[in-house]
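Trainee: To be precise about what I am sending: the file is called work_30.cif and holds mmCIF, C-alpha atoms.
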```cif
data_model
loop_
_atom_site.group_PDB
_atom_site.id
_atom_site.type_symbol
_atom_site.label_atom_id
_atom_site.label_comp_id
_atom_site.auth_asym_id
_atom_site.auth_seq_id
_atom_site.Cartn_x
_atom_site.Cartn_y
_atom_site.Cartn_z
ATOM 1 C CA MET X 3 0.455 5.309 29.954
ATOM 2 C CA LEU X 4 -1.411 3.837 26.983
ATOM 3 C CA THR X 5 -4.926 4.757 25.936
ATOM 4 C CA ARG X 6 -7.540 2.030 25.644
ATOM 5 C CA ILE X 7 -7.196 1.936 21.865
ATOM 6 C CA GLU X 8 -3.406 1.637 22.074
ATOM 7 C CA GLN X 9 -3.733 -1.120 24.688
ATOM 8 C CA ARG X 10 -6.038 -3.125 22.423
ATOM 9 C CA PHE X 11 -3.656 -2.619 19.508
ATOM 10 C CA VAL X 12 -0.679 -3.845 21.543
ATOM 11 C CA VAL X 13 -2.527 -6.763 23.137
ATOM 12 C CA SER X 14 -4.010 -7.950 19.835
ATOM 13 C CA GLY X 15 -0.641 -7.892 18.099
ATOM 14 C CA ALA X 16 -2.202 -6.257 15.043
ATOM 15 C CA GLY X 17 0.759 -3.939 14.667
ATOM 16 C CA ARG X 18 3.205 -6.812 14.301
ATOM 17 C CA GLY X 19 1.222 -8.415 11.474
ATOM 18 C CA ARG X 20 0.981 -5.186 9.533
ATOM 19 C CA LEU X 21 4.595 -4.261 10.123
ATOM 20 C CA ALA X 22 5.801 -7.703 9.069
ATOM 21 C CA LYS X 23 3.697 -7.529 5.898
ATOM 22 C CA ALA X 24 4.957 -4.024 5.065
ATOM 23 C CA ARG X 25 8.547 -5.174 5.434
ATOM 24 C CA SER X 26 8.136 -8.138 3.102
ATOM 25 C CA ILE X 27 10.092 -7.966 -0.149
ATOM 26 C CA GLY X 28 7.026 -8.772 -2.231
ATOM 27 C CA TRP X 29 4.886 -6.004 -0.775
ATOM 28 C CA LEU X 30 7.690 -3.439 -0.907
ATOM 29 C CA GLY X 31 8.553 -4.339 -4.493
ATOM 30 C CA GLN X 32 4.969 -4.062 -5.683
ATOM 31 C CA THR X 33 4.417 -0.788 -3.868
ATOM 32 C CA VAL X 34 7.584 0.786 -5.275
ATOM 33 C CA ALA X 35 6.713 -0.471 -8.758
ATOM 34 C CA SER X 36 3.219 1.022 -8.625
ATOM 35 C CA VAL X 37 4.529 4.374 -7.336
ATOM 36 C CA CYS X 38 7.151 4.429 -10.117
ATOM 37 C CA TRP X 39 4.484 3.626 -12.697
ATOM 38 C CA ILE X 40 2.284 6.475 -11.431
ATOM 39 C CA SER X 41 5.261 8.838 -11.393
ATOM 40 C CA SER X 42 6.268 7.985 -14.952
ATOM 41 C CA MET X 43 2.721 8.516 -16.181
ATOM 42 C CA LEU X 44 2.621 11.944 -14.570
ATOM 43 C CA ALA X 45 6.137 12.863 -15.751
ATOM 44 C CA TYR X 46 5.496 11.980 -19.404
ATOM 45 C CA GLY X 47 1.990 13.409 -19.481
ATOM 46 C CA LEU X 48 -1.518 12.143 -19.918
ATOM 47 C CA GLU X 49 -2.316 12.748 -23.564
ATOM 48 C CA SER X 50 -4.640 9.915 -24.538
ATOM 49 C CA GLY X 51 -7.302 7.663 -23.132
ATOM 50 C CA GLY X 52 -4.763 4.865 -22.797
ATOM 51 C CA ASP X 53 -2.570 7.045 -20.602
ATOM 52 C CA TRP X 54 -5.484 7.653 -18.255
ATOM 53 C CA LEU X 55 -6.249 3.932 -18.160
ATOM 54 C CA GLN X 56 -2.636 3.196 -17.226
ATOM 55 C CA LEU X 57 -2.803 5.797 -14.462
ATOM 56 C CA CYS X 58 -6.018 4.197 -13.162
ATOM 57 C CA ALA X 59 -4.426 0.741 -13.244
ATOM 58 C CA ALA X 60 -1.320 1.886 -11.389
ATOM 59 C CA SER X 61 -3.432 3.720 -8.821
ATOM 60 C CA ALA X 62 -5.630 0.668 -8.285
ATOM 61 C CA TRP X 63 -2.513 -1.463 -7.771
ATOM 62 C CA LEU X 64 -1.201 0.980 -5.159
ATOM 63 C CA LEU X 65 -4.564 1.104 -3.372
ATOM 64 C CA ALA X 66 -4.698 -2.701 -3.312
ATOM 65 C CA ASN X 67 -1.258 -2.787 -1.688
ATOM 66 C CA ILE X 68 -2.324 -0.241 0.912
ATOM 67 C CA ALA X 69 -5.527 -2.183 1.593
ATOM 68 C CA THR X 70 -3.456 -5.313 2.183
ATOM 69 C CA ILE X 71 -1.618 -3.562 5.012
ATOM 70 C CA VAL X 72 -4.740 -1.999 6.496
ATOM 71 C CA THR X 73 -6.581 -5.326 6.598
ATOM 72 C CA ALA X 74 -3.593 -7.467 7.652
ATOM 73 C CA ARG X 75 -4.052 -9.482 10.828
ATOM 74 C CA ALA X 76 -1.467 -10.628 13.293
ATOM 75 C CA ASP X 77 -0.196 -14.154 12.761
#
```
Could you spell out this file's structure in structure tokens?

Mentor:
Amino acid sequence: MLTRIEQRFVVSGAGRGRLAKARSIGWLGQTVASVCWISSMLAYGLESGGDWLQLCAASAWLLANIATIVTARAD
């Protein structure tokens, strides 16, 4: 038996829109690229101001990708 929140989620179809967006090649590619960028910055070290700016940029890119999924609506 579904809870009221789960019923609304299923009836609205919001899950399908988010899932479809998360499975798109563009979204997956950008998300993997931003995670790799963050990982490389952490692996090679943060020694200068430019390194920190790159880490901020990569993190912002990842957060934007996550926000796209969270705010996606069903088609």

Trainee: What's around X:Thr70 at 12 Å? Count only C-alpha atoms, leave out sequence neighbours fewer than 3 positions away in its own chain, and write the answer as a PyMOL selection string.

Mentor: chain X and resi 19-24+26+28-30+32-33+63-67+73-75

Trainee: State, in Å with one decimal place, the distance from atom CA of X:Ala60 to atom CA of X:Ser36.

Mentor: 5.4 Å

Trainee: Measuring between all atoms listed in the file, which one of X:Ala62, X:Ile71, X:Leu57, X:Ile27 shows the shortest distance to X:Ser42?

Mentor: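 Under the stated criterion, the closest residue is X:Leu57.
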
Trainee: Could you work out how far atom CA of X:Ile40 lies from atom CA of X:Cys58, giving the answer in Å with one decimal?

Mentor: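 Separation between atom CA of X:Cys58 and atom CA of X:Ile40: 8.8 Å.
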
Trainee: One decimal, in Å: what's the spacing between atom CA of X:Ala59 and atom CA of X:Trp39?

Mentor: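 Between these atoms lies a distance of 9.4 Å.
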
Trainee: Report as AutoDock Vina command-line options the centre and the edge lengths, in Å to one decimal, of the axis-aligned box holding every listed atom of stretch 26-39 of chain X, padded by 6 Å on each side.

Mentor:
```
--center_x 6.7 --center_y -2.2 --center_z -4.8 --size_x 18.9 --size_y 25.2 --size_z 27.8
```
